[in-house]
$ cat target_26.txt   # compact mmCIF, C-alpha atoms and all ligand atoms
# COMPACT_ATOMS: atom_id res chain seq x y z
CA MET A 270 147.08 -54.42 136.45
CA ARG A 271 147.15 -51.29 134.23
CA VAL A 272 146.58 -48.26 136.46
CA VAL A 273 145.56 -44.76 135.41
CA VAL A 274 145.25 -41.79 137.79
CA GLN A 275 142.47 -39.33 136.95
CA LYS A 276 142.57 -36.04 138.85
CA PHE A 277 139.54 -33.78 138.84
CA GLY A 278 140.05 -30.15 139.89
CA GLY A 279 137.57 -28.21 142.00
CA THR A 280 135.67 -26.81 139.02
CA SER A 281 135.31 -30.29 137.49
CA VAL A 282 133.41 -31.73 140.48
CA ASN A 283 131.39 -28.70 141.51
CA THR A 284 127.93 -29.79 140.32
CA ARG A 285 126.13 -33.11 139.96
CA GLU A 286 126.23 -32.74 136.19
CA LEU A 287 130.01 -32.27 136.20
CA ARG A 288 130.52 -35.16 138.61
CA ARG A 289 128.51 -37.36 136.25
CA LYS A 290 130.79 -36.31 133.39
CA ALA A 291 133.82 -37.04 135.53
CA ALA A 292 132.38 -40.46 136.40
CA GLY A 293 131.91 -40.98 132.65
CA LYS A 294 135.68 -40.60 132.22
CA VAL A 295 136.21 -43.18 134.94
CA LEU A 296 133.86 -45.59 133.16
CA GLU A 297 135.67 -45.02 129.86
CA ALA A 298 138.97 -45.92 131.50
CA ARG A 299 137.47 -49.10 132.99
CA GLU A 300 136.07 -50.05 129.58
CA GLU A 301 139.61 -49.76 128.20
CA GLY A 302 140.72 -52.30 130.78
CA LEU A 303 142.41 -49.75 133.04
CA SER A 304 142.12 -49.60 136.84
CA PRO A 305 141.34 -45.95 137.70
CA VAL A 306 142.48 -44.14 140.80
CA VAL A 307 140.52 -40.91 141.12
CA VAL A 308 142.03 -37.90 142.91
CA VAL A 309 139.69 -35.02 143.69
CA SER A 310 140.05 -31.42 144.82
CA ALA A 311 137.62 -29.61 147.09
CA MET A 312 134.42 -28.78 145.22
CA GLY A 313 134.27 -25.34 143.56
CA ARG A 314 136.09 -22.07 144.02
CA THR A 315 135.63 -19.16 146.45
CA GLY A 316 132.06 -18.94 147.65
CA ALA A 317 131.23 -22.64 147.17
CA PRO A 318 130.39 -24.08 150.60
CA TYR A 319 133.25 -26.59 150.86
CA ALA A 320 135.87 -24.84 148.68
CA THR A 321 139.32 -24.34 150.19
CA ASP A 322 138.99 -20.54 150.25
CA THR A 323 135.61 -20.81 151.99
CA LEU A 324 137.14 -22.99 154.70
CA ILE A 325 140.05 -20.58 155.16
CA ARG A 326 137.62 -17.71 155.57
CA LEU A 327 135.57 -19.72 158.04
CA ALA A 328 138.59 -20.09 160.31
CA LEU A 329 139.94 -16.55 159.92
CA GLU A 330 136.59 -14.87 160.52
CA GLU A 331 136.59 -16.40 163.98
CA HIS A 332 140.13 -15.23 164.73
CA GLU A 333 142.70 -13.50 162.51
CA ASP A 334 145.38 -16.19 162.91
CA CYS A 335 145.00 -19.93 162.66
CA GLU A 336 147.66 -22.37 163.76
CA PRO A 337 148.97 -24.05 160.59
CA ARG A 338 148.40 -27.48 162.10
CA ASN A 339 144.76 -26.68 162.84
CA LEU A 340 144.23 -25.07 159.46
CA ASP A 341 145.47 -28.22 157.71
CA ILE A 342 142.98 -30.35 159.64
CA LEU A 343 140.21 -28.01 158.46
CA LEU A 344 141.36 -27.68 154.82
CA SER A 345 141.82 -31.42 154.37
CA CYS A 346 138.05 -31.75 154.97
CA GLY A 347 137.29 -29.97 151.67
CA GLU A 348 138.93 -32.75 149.66
CA THR A 349 137.61 -35.48 151.97
CA ILE A 350 134.03 -34.29 151.43
CA SER A 351 134.61 -34.14 147.69
CA ALA A 352 135.98 -37.73 147.63
CA VAL A 353 132.93 -39.13 149.41
CA VAL A 354 130.54 -37.21 147.16
CA MET A 355 132.40 -38.49 144.08
CA ALA A 356 132.15 -42.04 145.41
CA GLN A 357 128.39 -41.49 145.74
CA THR A 358 128.24 -40.37 142.08
CA LEU A 359 130.07 -43.54 141.10
CA ALA A 360 127.73 -45.62 143.26
CA SER A 361 124.72 -44.04 141.52
CA LEU A 362 126.14 -45.43 138.27
CA GLY A 363 126.76 -48.84 139.78
CA VAL A 364 130.54 -48.45 140.07
CA PRO A 365 132.06 -49.88 143.28
CA SER A 366 134.62 -47.62 144.92
CA ALA A 367 136.64 -47.07 148.09
CA VAL A 368 137.41 -43.63 149.52
CA LEU A 369 140.76 -42.89 151.14
CA THR A 370 142.13 -39.72 152.72
CA GLY A 371 145.65 -38.79 151.64
CA GLY A 372 147.16 -40.37 154.74
CA GLN A 373 145.12 -43.57 154.28
CA ALA A 374 146.31 -43.71 150.67
CA GLY A 375 149.89 -43.86 152.02
CA ILE A 376 150.97 -40.32 151.18
CA ILE A 377 153.58 -39.59 153.83
CA THR A 378 154.86 -36.02 154.13
CA ASP A 379 157.16 -33.91 156.26
CA ALA A 380 155.56 -31.80 159.00
CA HIS A 381 155.66 -28.48 157.13
CA PHE A 382 151.98 -27.67 157.70
CA GLY A 383 150.40 -25.73 154.83
CA ASP A 384 153.14 -26.59 152.35
CA ALA A 385 154.23 -30.11 153.14
CA THR A 386 156.49 -32.15 150.87
CA ILE A 387 155.75 -35.77 150.08
CA GLU A 388 158.53 -37.98 151.43
CA ARG A 389 157.20 -41.30 150.18
CA VAL A 390 154.02 -43.07 149.10
CA SER A 391 153.07 -46.54 150.37
CA PRO A 392 150.41 -47.61 147.89
CA GLU A 393 149.55 -51.07 149.31
CA ARG A 394 146.09 -50.10 150.52
CA VAL A 395 145.21 -48.43 147.21
CA ARG A 396 146.48 -51.45 145.32
CA SER A 397 144.49 -53.94 147.37
CA PHE A 398 141.23 -52.03 146.75
CA LEU A 399 142.07 -51.90 143.03
CA GLU A 400 142.62 -55.65 143.07
CA GLU A 401 139.08 -56.04 144.47
CA GLY A 402 137.86 -54.29 141.30
CA ARG A 403 137.01 -51.03 143.05
CA VAL A 404 137.75 -47.52 141.85
CA VAL A 405 139.84 -45.85 144.54
CA VAL A 406 138.84 -42.25 145.23
CA VAL A 407 141.59 -40.35 147.04
CA ALA A 408 141.20 -36.95 148.67
CA GLY A 409 143.83 -34.75 146.99
CA PHE A 410 145.99 -31.96 148.48
CA GLN A 411 146.74 -33.82 151.70
CA GLY A 412 148.94 -36.36 153.36
CA ALA A 413 150.00 -37.36 156.84
CA THR A 414 153.29 -37.33 158.69
CA GLU A 415 154.86 -40.55 159.99
CA LYS A 416 153.21 -39.68 163.30
CA GLY A 417 149.77 -39.36 161.71
CA GLU A 418 149.49 -35.57 161.69
CA ILE A 419 147.34 -34.32 158.81
CA THR A 420 149.18 -32.03 156.39
CA THR A 421 148.35 -30.19 153.16
CA LEU A 422 150.61 -29.84 150.14
CA GLY A 423 150.30 -26.13 149.28
CA ARG A 424 147.63 -24.43 147.16
CA GLY A 425 146.93 -26.41 144.01
CA GLY A 426 148.49 -29.49 145.61
CA SER A 427 145.95 -32.08 144.41
CA ASP A 428 147.93 -32.33 141.17
CA THR A 429 150.90 -33.40 143.26
CA SER A 430 148.84 -36.05 145.06
CA ALA A 431 147.82 -37.43 141.66
CA VAL A 432 151.32 -37.50 140.21
CA ALA A 433 152.86 -39.00 143.37
CA LEU A 434 150.24 -41.77 143.40
CA GLY A 435 150.79 -42.30 139.68
CA VAL A 436 154.50 -42.83 140.27
CA ALA A 437 153.99 -45.15 143.25
CA LEU A 438 151.40 -47.24 141.38
CA GLU A 439 153.42 -47.24 138.15
CA ALA A 440 150.42 -45.79 136.34
CA GLU A 441 150.44 -45.62 132.55
CA TYR A 442 149.67 -41.89 132.74
CA VAL A 443 148.04 -39.22 134.90
CA ASP A 444 145.07 -37.26 133.56
CA ILE A 445 144.59 -33.78 135.02
CA PHE A 446 141.03 -32.64 134.30
CA THR A 447 140.62 -28.90 134.73
CA ASP A 448 138.56 -25.94 133.52
CA VAL A 449 140.74 -25.17 130.48
CA VAL A 450 141.39 -27.37 127.42
CA GLY A 451 145.07 -27.86 128.21
CA VAL A 452 148.28 -25.96 128.81
CA MET A 453 148.06 -22.90 126.57
CA THR A 454 150.25 -20.19 125.12
CA ALA A 455 148.90 -17.95 127.92
CA ASP A 456 146.16 -18.04 130.52
CA PRO A 457 142.98 -17.99 128.38
CA ARG A 458 141.21 -15.94 131.05
CA ILE A 459 143.60 -13.10 130.18
CA VAL A 460 144.21 -13.84 126.49
CA PRO A 461 141.04 -15.29 124.93
CA GLU A 462 142.87 -16.11 121.70
CA ALA A 463 145.49 -18.23 123.51
CA GLN A 464 146.23 -21.52 121.75
CA ILE A 465 146.53 -24.98 123.20
CA LEU A 466 150.01 -26.50 123.30
CA LYS A 467 149.22 -30.06 122.25
CA GLY A 468 152.53 -31.58 123.26
CA LEU A 469 155.20 -30.45 125.71
CA THR A 470 158.38 -32.10 126.90
CA TYR A 471 158.83 -32.30 130.67
CA THR A 472 161.45 -29.56 130.47
CA GLU A 473 159.16 -27.21 128.52
CA ALA A 474 156.27 -27.77 130.91
CA VAL A 475 158.48 -27.27 133.98
CA GLU A 476 159.56 -23.86 132.67
CA ILE A 477 155.97 -22.72 132.06
CA VAL A 478 154.83 -23.90 135.47
CA GLN A 479 157.85 -22.58 137.38
CA HIS A 480 157.18 -19.14 135.97
CA GLY A 481 153.70 -19.13 137.44
CA ALA A 482 151.23 -20.97 135.17
CA LYS A 483 149.11 -22.54 137.90
CA VAL A 484 147.39 -24.94 135.50
CA ILE A 485 149.68 -27.59 137.04
CA HIS A 486 151.08 -27.45 140.57
CA ASN A 487 154.82 -26.84 140.33
CA LYS A 488 155.73 -29.69 142.67
CA ALA A 489 153.59 -32.05 140.57
CA MET A 490 155.50 -31.05 137.47
CA ASP A 491 158.84 -31.61 139.21
CA VAL A 492 157.81 -35.12 140.30
CA ALA A 493 156.46 -35.96 136.83
CA ARG A 494 159.73 -34.89 135.23
CA GLU A 495 161.86 -36.72 137.74
CA TYR A 496 160.00 -40.02 137.32
CA ARG A 497 159.10 -39.51 133.64
CA ILE A 498 155.39 -40.17 134.12
CA PRO A 499 153.24 -38.86 131.24
CA LEU A 500 150.60 -36.23 132.09
CA ARG A 501 147.58 -35.21 130.07
CA VAL A 502 145.95 -31.88 130.92
CA ARG A 503 142.38 -31.95 129.69
CA ASN A 504 138.87 -30.63 130.03
CA LEU A 505 135.78 -32.74 130.75
CA ASP A 506 133.91 -31.26 127.79
CA ASP A 507 136.70 -31.34 125.30
CA THR A 508 136.74 -33.98 122.65
CA GLY A 509 140.41 -33.18 121.88
CA LYS A 510 143.26 -34.82 123.67
CA GLY A 511 144.37 -31.80 125.69
CA THR A 512 148.09 -31.33 126.34
CA LEU A 513 150.34 -34.37 126.52
CA ILE A 514 153.45 -33.82 128.66
CA CYS A 515 156.01 -36.55 128.13
CA ASP A 516 159.52 -37.25 126.82
CA LEU A 517 160.78 -36.46 123.32
CA LYS A 518 160.41 -40.02 122.10
CA THR A 519 156.75 -40.29 123.10
CA LEU A 520 155.97 -36.88 121.58
CA ALA A 521 157.46 -38.04 118.29
CA LYS A 522 155.54 -41.33 118.47
CA GLU A 523 152.32 -39.36 118.95
CA GLY A 524 153.17 -37.18 115.95
CA LEU A 525 153.42 -34.03 118.10
CA ARG A 526 155.80 -31.14 117.41
CA ILE A 527 158.60 -30.15 119.76
CA ILE A 528 157.55 -26.59 120.26
CA SER A 529 160.82 -25.28 121.71
CA GLN A 530 162.68 -26.40 118.58
CA GLU A 531 160.38 -24.29 116.44
CA SER A 532 159.66 -21.09 118.35
CA PRO A 533 161.88 -18.79 120.38
CA VAL A 534 158.78 -17.91 122.48
CA TYR A 535 155.92 -20.35 122.98
CA SER A 536 154.22 -19.27 126.19
CA ILE A 537 153.72 -16.33 128.52
CA ALA A 538 153.48 -17.06 132.22
CA TYR A 539 152.84 -14.69 135.10
CA ARG A 540 153.18 -14.52 138.84
CA PRO A 541 151.13 -11.86 140.65
CA GLY A 542 151.36 -10.97 144.33
CA LEU A 543 154.99 -9.81 144.45
CA ALA A 544 156.81 -6.90 146.06
CA GLN A 545 160.08 -5.43 144.83
CA VAL A 546 162.68 -4.57 147.46
CA ARG A 547 165.36 -2.03 146.54
CA LEU A 548 168.17 -0.68 148.58
CA ASP A 549 171.29 1.39 148.02
CA PHE A 550 174.45 0.39 149.86
CA THR A 551 176.26 2.88 151.96
CA GLU A 552 178.10 0.35 154.09
CA ALA A 553 181.18 -1.81 153.81
CA GLU A 554 181.13 -5.00 151.74
CA GLU A 555 180.63 -7.47 154.65
CA LYS A 556 177.55 -5.66 155.87
CA ARG A 557 176.03 -5.45 152.37
CA LEU A 558 176.11 -9.13 151.77
CA ASN A 559 174.74 -9.70 155.23
CA ILE A 560 171.24 -8.89 153.93
CA PHE A 561 170.97 -12.24 152.17
CA SER A 562 171.84 -14.30 155.23
CA VAL A 563 169.56 -12.18 157.44
CA LEU A 564 166.63 -12.90 155.10
CA ALA A 565 167.53 -16.56 154.79
CA ARG A 566 167.55 -16.92 158.58
CA ARG A 567 164.00 -15.50 158.65
CA GLY A 568 162.97 -18.14 156.07
CA ILE A 569 162.24 -15.49 153.42
CA SER A 570 162.94 -16.59 149.87
CA ILE A 571 163.87 -14.02 147.31
CA ASP A 572 163.74 -14.04 143.52
CA LEU A 573 164.80 -11.96 140.50
CA ILE A 574 167.95 -10.75 142.25
CA SER A 575 169.98 -7.93 140.67
CA LEU A 576 173.11 -7.15 142.66
CA PHE A 577 175.25 -4.13 141.77
CA PRO A 578 178.30 -2.69 143.60
CA GLU A 579 176.16 0.14 144.95
CA SER A 580 172.65 -1.35 145.15
CA VAL A 581 170.48 -4.45 145.11
CA ALA A 582 166.95 -5.23 143.93
CA PHE A 583 164.97 -8.42 144.42
CA THR A 584 161.40 -9.64 144.80
CA VAL A 585 159.54 -11.34 147.66
CA GLU A 586 155.97 -12.52 148.06
CA GLU A 587 153.90 -9.40 148.59
CA ASN A 588 152.66 -10.61 151.98
CA LYS A 589 156.29 -10.84 153.17
CA GLY A 590 157.06 -7.21 152.20
CA GLU A 591 156.55 -5.68 155.63
CA LEU A 592 158.47 -8.49 157.34
CA VAL A 593 161.40 -7.80 155.00
CA ARG A 594 161.21 -4.10 155.78
CA GLN A 595 161.22 -4.71 159.55
CA THR A 596 163.97 -7.32 159.33
CA LEU A 597 166.30 -5.16 157.25
CA GLU A 598 165.59 -1.93 159.12
CA LYS A 599 166.59 -3.68 162.32
CA GLU A 600 169.96 -4.36 160.62
CA GLY A 601 170.33 -0.66 159.79
CA PHE A 602 169.29 -0.77 156.13
CA SER A 603 166.66 1.49 154.71
CA ILE A 604 164.73 -0.02 151.83
CA ARG A 605 162.21 0.98 149.19
CA LEU A 606 159.28 -1.39 148.78
CA ASN A 607 157.34 -1.37 145.49
CA ALA A 608 154.05 -3.28 145.61
CA PRO A 609 151.83 -4.75 144.29
CA CYS A 610 153.97 -6.08 141.46
CA ALA A 611 153.76 -9.02 139.07
CA LYS A 612 156.34 -10.92 137.09
CA VAL A 613 155.54 -11.65 133.44
CA SER A 614 157.80 -14.14 131.68
CA LEU A 615 158.33 -15.09 128.08
CA VAL A 616 159.05 -18.81 127.99
CA GLY A 617 160.83 -20.16 124.95
CA SER A 618 164.19 -21.39 123.81
CA GLY A 619 167.61 -20.05 122.95
CA MET A 620 166.78 -16.54 124.21
CA ALA A 621 170.38 -15.75 125.04
CA ASP A 622 171.36 -16.27 121.40
CA ARG A 623 168.62 -14.01 120.02
CA PRO A 624 169.22 -10.33 120.73
CA GLY A 625 165.95 -9.34 119.02
CA VAL A 626 163.67 -10.87 121.67
CA MET A 627 164.59 -8.40 124.42
CA ALA A 628 164.37 -5.49 122.00
CA GLU A 629 160.90 -6.54 120.91
CA LEU A 630 159.73 -7.00 124.49
CA VAL A 631 160.96 -3.59 125.63
CA GLU A 632 159.52 -1.86 122.57
CA ALA A 633 156.14 -3.55 122.97
CA LEU A 634 155.80 -2.73 126.68
CA THR A 635 157.09 0.82 126.36
CA GLY A 636 154.66 1.39 123.49
CA GLU A 637 151.83 0.42 125.86
CA LYS A 638 153.21 2.68 128.63
CA VAL A 639 153.98 -0.33 130.80
CA GLU A 640 156.85 0.51 133.15
CA ILE A 641 159.48 -2.23 133.49
CA LEU A 642 160.77 -2.25 137.07
CA GLN A 643 163.36 -4.98 136.62
CA THR A 644 164.24 -7.84 134.29
CA GLY A 645 165.89 -11.22 134.59
CA ASP A 646 166.69 -13.87 132.03
CA SER A 647 167.91 -17.39 131.45
CA HIS A 648 168.61 -19.35 128.30
CA VAL A 649 164.89 -20.11 127.94
CA THR A 650 163.11 -17.18 129.62
CA ILE A 651 162.99 -13.42 129.87
CA SER A 652 161.07 -12.13 132.87
CA CYS A 653 160.05 -8.60 133.65
CA LEU A 654 158.74 -7.17 136.86
CA LEU A 655 155.84 -4.75 136.40
CA TRP A 656 153.28 -2.93 138.46
CA ALA A 657 150.40 -5.37 139.01
CA LYS A 658 147.94 -2.97 137.39
CA HIS A 659 149.81 -3.39 134.07
CA MET A 660 150.07 -7.18 134.20
CA GLU A 661 147.10 -8.17 132.04
CA ARG A 662 147.83 -5.55 129.39
CA ALA A 663 151.46 -6.66 129.25
CA ILE A 664 150.51 -10.32 128.77
CA GLN A 665 148.04 -9.42 126.03
CA VAL A 666 150.44 -7.20 124.12
CA LEU A 667 153.32 -9.69 124.35
CA HIS A 668 151.05 -12.49 123.15
CA ARG A 669 150.17 -10.34 120.14
CA VAL A 670 153.69 -9.12 119.39
CA PHE A 671 155.17 -12.61 119.52
CA GLN A 672 152.23 -13.85 117.42
CA LEU A 673 151.40 -16.71 119.74
CA GLU A 674 147.85 -16.89 118.40
CA ASN A 675 149.39 -18.29 115.19
CA LEU A 676 151.69 -20.72 116.94
CA CYS A 677 149.72 -23.94 116.82
P1 LIG B 1 142.00 -26.84 139.07
O1 LIG B 1 141.08 -26.34 140.11
O2 LIG B 1 141.35 -27.69 138.04
O3 LIG B 1 143.25 -27.44 139.62
P2 LIG B 1 143.43 -24.36 138.57
O4 LIG B 1 142.67 -23.12 138.80
O5 LIG B 1 144.42 -24.76 139.59
O6 LIG B 1 142.41 -25.53 138.23
O7 LIG B 1 144.24 -24.26 137.18
C1 LIG B 1 143.55 -23.97 136.00
C2 LIG B 1 143.70 -22.49 135.68
O8 LIG B 1 145.05 -22.22 135.31
C3 LIG B 1 142.91 -22.00 134.48
O9 LIG B 1 141.60 -21.68 134.83
C4 LIG B 1 143.71 -20.80 134.01
O10 LIG B 1 143.14 -19.59 134.46
C5 LIG B 1 145.08 -20.95 134.69
N1 LIG B 1 146.22 -20.87 133.77
C6 LIG B 1 147.31 -20.10 133.98
N2 LIG B 1 148.17 -20.21 132.99
C7 LIG B 1 147.66 -21.09 132.09
C8 LIG B 1 148.13 -21.63 130.87
N3 LIG B 1 149.31 -21.30 130.32
N4 LIG B 1 147.33 -22.52 130.23
C9 LIG B 1 146.14 -22.89 130.75
N5 LIG B 1 145.64 -22.40 131.92
C10 LIG B 1 146.40 -21.52 132.60
N1 LIG B 2 141.74 -27.35 147.05
C1 LIG B 2 143.13 -26.97 147.09
C2 LIG B 2 143.29 -25.53 146.62
O1 LIG B 2 142.32 -24.87 146.29
C3 LIG B 2 143.99 -27.92 146.32
C4 LIG B 2 143.73 -28.03 144.84
O2 LIG B 2 142.71 -27.54 144.35
O3 LIG B 2 144.56 -28.63 144.17
O4 LIG B 2 144.39 -25.05 146.60
MG MG B 3 145.00 -26.58 140.31

$ encode --input "target_26.txt" --output "structure tokens" --more "lines below"
Ligand code: ADP
Ligand code: ASP
Ligand code: MG
Amino acid sequence: MRVVVQKFGGTSVNTRELRRKAAGKVLEAREEGLSPVVVVSAMGRTGAPYATDTLIRLALEEHEDCEPRNLDILLSCGETISAVVMAQTLASLGVPSAVLTGGQAGIITDAHFGDATIERVSPERVRSFLEEGRVVVVAGFQGATEKGEITTLGRGGSDTSAVALGVALEAEYVDIFTDVVGVMTADPRIVPEAQILKGLTYTEAVEIVQHGAKVIHNKAMDVAREYRIPLRVRNLDDTGKGTLICDLKTLAKEGLRIISQESPVYSIAYRPGLAQVRLDFTEAEEKRLNIFSVLARRGISIDLISLFPESVAFTVEENKGELVRQTLEKEGFSIRLNAPCAKVSLVGSGMADRPGVMAELVEALTGEKVEILQTGDSHVTISCLLWAKHMERAIQVLHRVFQLENLC
């Protein structure tokens, strides 16, 4: 049996017309002799009746807090509804299908409600429906613990459901259908002239996604890289092939360029919703370094860390800012909190060996009166922390300065 997993994001199943197009992709796969497993997200974005954000609001309007376990039960319904509706679309076209929730599809997770990690996938039930000639429609974004508790996989997690099922079923590839034509040089909502990246190695795609490009869920990308399963990021309307993410050999076989071998910068990613924490040390060494263990004990992860003998700066999720302030003030530290901030990252290759990249970045942002609050770099990225209000302008100017519109 040749299996393919086809994942349809919320904006690809939001109307009957779109669901028909999605079903058309399923039919095409069947005509090619493939056995499709369909993974769906909740239908639509904020405001749509069964969208994830609508369900969250429904709970929080009743009471400001919702127990994570309860919230997961509620949110899983968005994808479950979508799966049944998609099965109805398939039925209207005469295609037999079987609907499974994440737990029924064998997706077993830990009990970290709201951001659960898949521990294993037992695909027997999916496989037996496929063997009956049915299309299996799985509700994305969710799983179940060994004890049968319903969990969700973190925002954007349907991609991870699709990739995990693809691995367990030894699928030929996983198609991610979304509202953009593929992975691009920048978010096309911010940079309309952004170009599609037709081929990416796993490593290149991981970098783009880790630095914030939400076009693929970061856990999905990690699993795809680990198990070397090819992904195609595509749009329902697009006649092109989208972005193929695979290993070097397959890229070469498909006649696609290895972008990181050609360009020092090939994408700009961003992460909004951050706060910068800064504090000057006045205390002895042991007490200074204590701040990291204090935050770790509170389960607060920190990023973009710059540690100096007399001060430290780092970022946290903006919604953790006040918790960090309270936690550190209790320890006798007084901090400065800058928010809302965003991190904008140039993703490329060999940055450390090219002094000109940093110079160009600083010149471009300063020229646009964008204040750089902090920077961080690796061999393949340079990130800068900015005020959120400057984020879009910074992405646009960097895209222009590094001439990414001419890249492909
Ligand atoms: P879905 O609901 O289909 O999972 P998402 O909203 O999760 O869709 O992801 C698609 C979105 O990712 C696009 O609408 C786009 O705004 C955003 N995006 C961010 N960075 C990029 C990028 N580099 N290339 C393409 N899209 C990107
Ligand atoms: N519906 C979920 C979300 O909005 C999962 C997903 O779309 O992948 O985050
Ligand atoms: Mg998504």

$ closest_residue --input "target_26.txt" --among "A:Gly371, A:Pro541, A:Gly625, A:Gly409" --to "ligand MG 3 (chain B)" --atoms "only C-alpha atoms and all ligand atoms"
A:Gly409

$ closest_atom_pairs --input "target_26.txt" --of "segment 581-669 of chain A" --to "segment 472-488 of chain A" --cutoff "10 Å" --atoms "only C-alpha atoms" --output "JSON lines"
{"residue": "A:Lys612", "atom": "CA", "partner": "A:His480", "partner_atom": "CA", "distance": 8.3}
{"residue": "A:Val613", "atom": "CA", "partner": "A:His480", "partner_atom": "CA", "distance": 8.1}
{"residue": "A:Ser614", "atom": "CA", "partner": "A:His480", "partner_atom": "CA", "distance": 6.6}
{"residue": "A:Leu615", "atom": "CA", "partner": "A:Ile477", "partner_atom": "CA", "distance": 8.9}
{"residue": "A:Val616", "atom": "CA", "partner": "A:Ile477", "partner_atom": "CA", "distance": 6.4}
{"residue": "A:Gly617", "atom": "CA", "partner": "A:Glu473", "partner_atom": "CA", "distance": 8.1}
{"residue": "A:Ser618", "atom": "CA", "partner": "A:Glu473", "partner_atom": "CA", "distance": 9.0}
{"residue": "A:Val649", "atom": "CA", "partner": "A:Glu476", "partner_atom": "CA", "distance": 8.1}
{"residue": "A:Thr650", "atom": "CA", "partner": "A:Glu476", "partner_atom": "CA", "distance": 8.2}
{"residue": "A:Ser652", "atom": "CA", "partner": "A:His480", "partner_atom": "CA", "distance": 8.6}

$ residues_near_point --input "target_26.txt" --point "(139.8, -37.3, 145.1)" --cutoff "7 Å" --atoms "all atoms listed in the file" --output "list in words"
Lys276, Val307, Val308, Val309, Ser310, Glu348, Ser351, Ala352, Val406, Val407, Ala408 and Gly409 of chain A

$ residues_near_ligand --input "target_26.txt" --ligand "ligand LIG 2 (chain B)" --cutoff "10 Å" --atoms "all atoms listed in the file" --output "ChimeraX atom specification"
/A:276-280,308-315,319-324,344-348,351,408-411,421-431,447,483-486

$ closest_residue --input "target_26.txt" --among "A:Ala565, A:Val626, A:Val274, A:Ala317" --to "Ala440 of chain A" --atoms "all atoms listed in the file"
A:Val274

$ closest_residue --input "target_26.txt" --among "A:Val443, A:Ala489, A:Cys335, A:Leu327" --to "ligand MG 3 (chain B)" --atoms "only C-alpha atoms and all ligand atoms"
A:Ala489

$ atom_distance --input "target_26.txt" --atom1 "atom CA of Gly302 of chain A" --atom2 "atom CA of Arg289 of chain A"
20.1 Å

$ closest_residue --input "target_26.txt" --among "A:Asp334, A:Arg526, A:Cys515, A:Ser281" --to "ligand MG 3 (chain B)" --atoms "all atoms listed in the file"
A:Ser281

$ closest_residue --input "target_26.txt" --among "A:Glu300, A:Glu393, A:Asp507, A:Asp448" --to "ligand LIG 1 (chain B)" --atoms "all atoms listed in the file"
A:Asp448

$ closest_residue --input "target_26.txt" --among "A:Leu466, A:Leu667, A:Ala455, A:Val272" --to "ligand LIG 1 (chain B)" --atoms "only C-alpha atoms and all ligand atoms"
A:Ala455

$ atom_distance --input "target_26.txt" --atom1 "atom CA of Ala292 of chain A" --atom2 "atom CA of Arg403 of chain A"
13.3 Å

$ residues_around --input "target_26.txt" --residues "Arg669 of chain A" --least-positions-apart "6" --cutoff "12 Å" --atoms "only C-alpha atoms" --output "PDB file with C-alpha atoms, in the coordinates of the input"
ATOM      1  CA  THR A 454     150.250 -20.190 125.120  1.00  0.00           C
ATOM      2  CA  ALA A 455     148.900 -17.950 127.920  1.00  0.00           C
ATOM      3  CA  VAL A 460     144.210 -13.840 126.490  1.00  0.00           C
ATOM      4  CA  PRO A 461     141.040 -15.290 124.930  1.00  0.00           C
ATOM      5  CA  GLU A 462     142.870 -16.110 121.700  1.00  0.00           C
ATOM      6  CA  ALA A 463     145.490 -18.230 123.510  1.00  0.00           C
ATOM      7  CA  GLN A 464     146.230 -21.520 121.750  1.00  0.00           C
ATOM      8  CA  VAL A 534     158.780 -17.910 122.480  1.00  0.00           C
ATOM      9  CA  TYR A 535     155.920 -20.350 122.980  1.00  0.00           C
ATOM     10  CA  SER A 536     154.220 -19.270 126.190  1.00  0.00           C
ATOM     11  CA  ILE A 537     153.720 -16.330 128.520  1.00  0.00           C
ATOM     12  CA  GLU A 629     160.900  -6.540 120.910  1.00  0.00           C
ATOM     13  CA  LEU A 630     159.730  -7.000 124.490  1.00  0.00           C
ATOM     14  CA  ALA A 633     156.140  -3.550 122.970  1.00  0.00           C
ATOM     15  CA  LEU A 634     155.800  -2.730 126.680  1.00  0.00           C
ATOM     16  CA  ARG A 662     147.830  -5.550 129.390  1.00  0.00           C
ATOM     17  CA  ALA A 663     151.460  -6.660 129.250  1.00  0.00           C
ATOM     18  CA  ASN A 675     149.390 -18.290 115.190  1.00  0.00           C
ATOM     19  CA  LEU A 676     151.690 -20.720 116.940  1.00  0.00           C
TER      20      LEU A 676
END

$ atom_distance --input "target_26.txt" --atom1 "atom CA of Ile459 of chain A" --atom2 "atom C1 of ligand LIG 1 (chain B)"
12.3 Å

$ residues_around --input "target_26.txt" --residues "Asp646 of chain A" --least-positions-apart "5" --cutoff "9 Å" --atoms "only C-alpha atoms" --output "PyMOL selection string"
chain A and resi 573+614+620-621+651-653
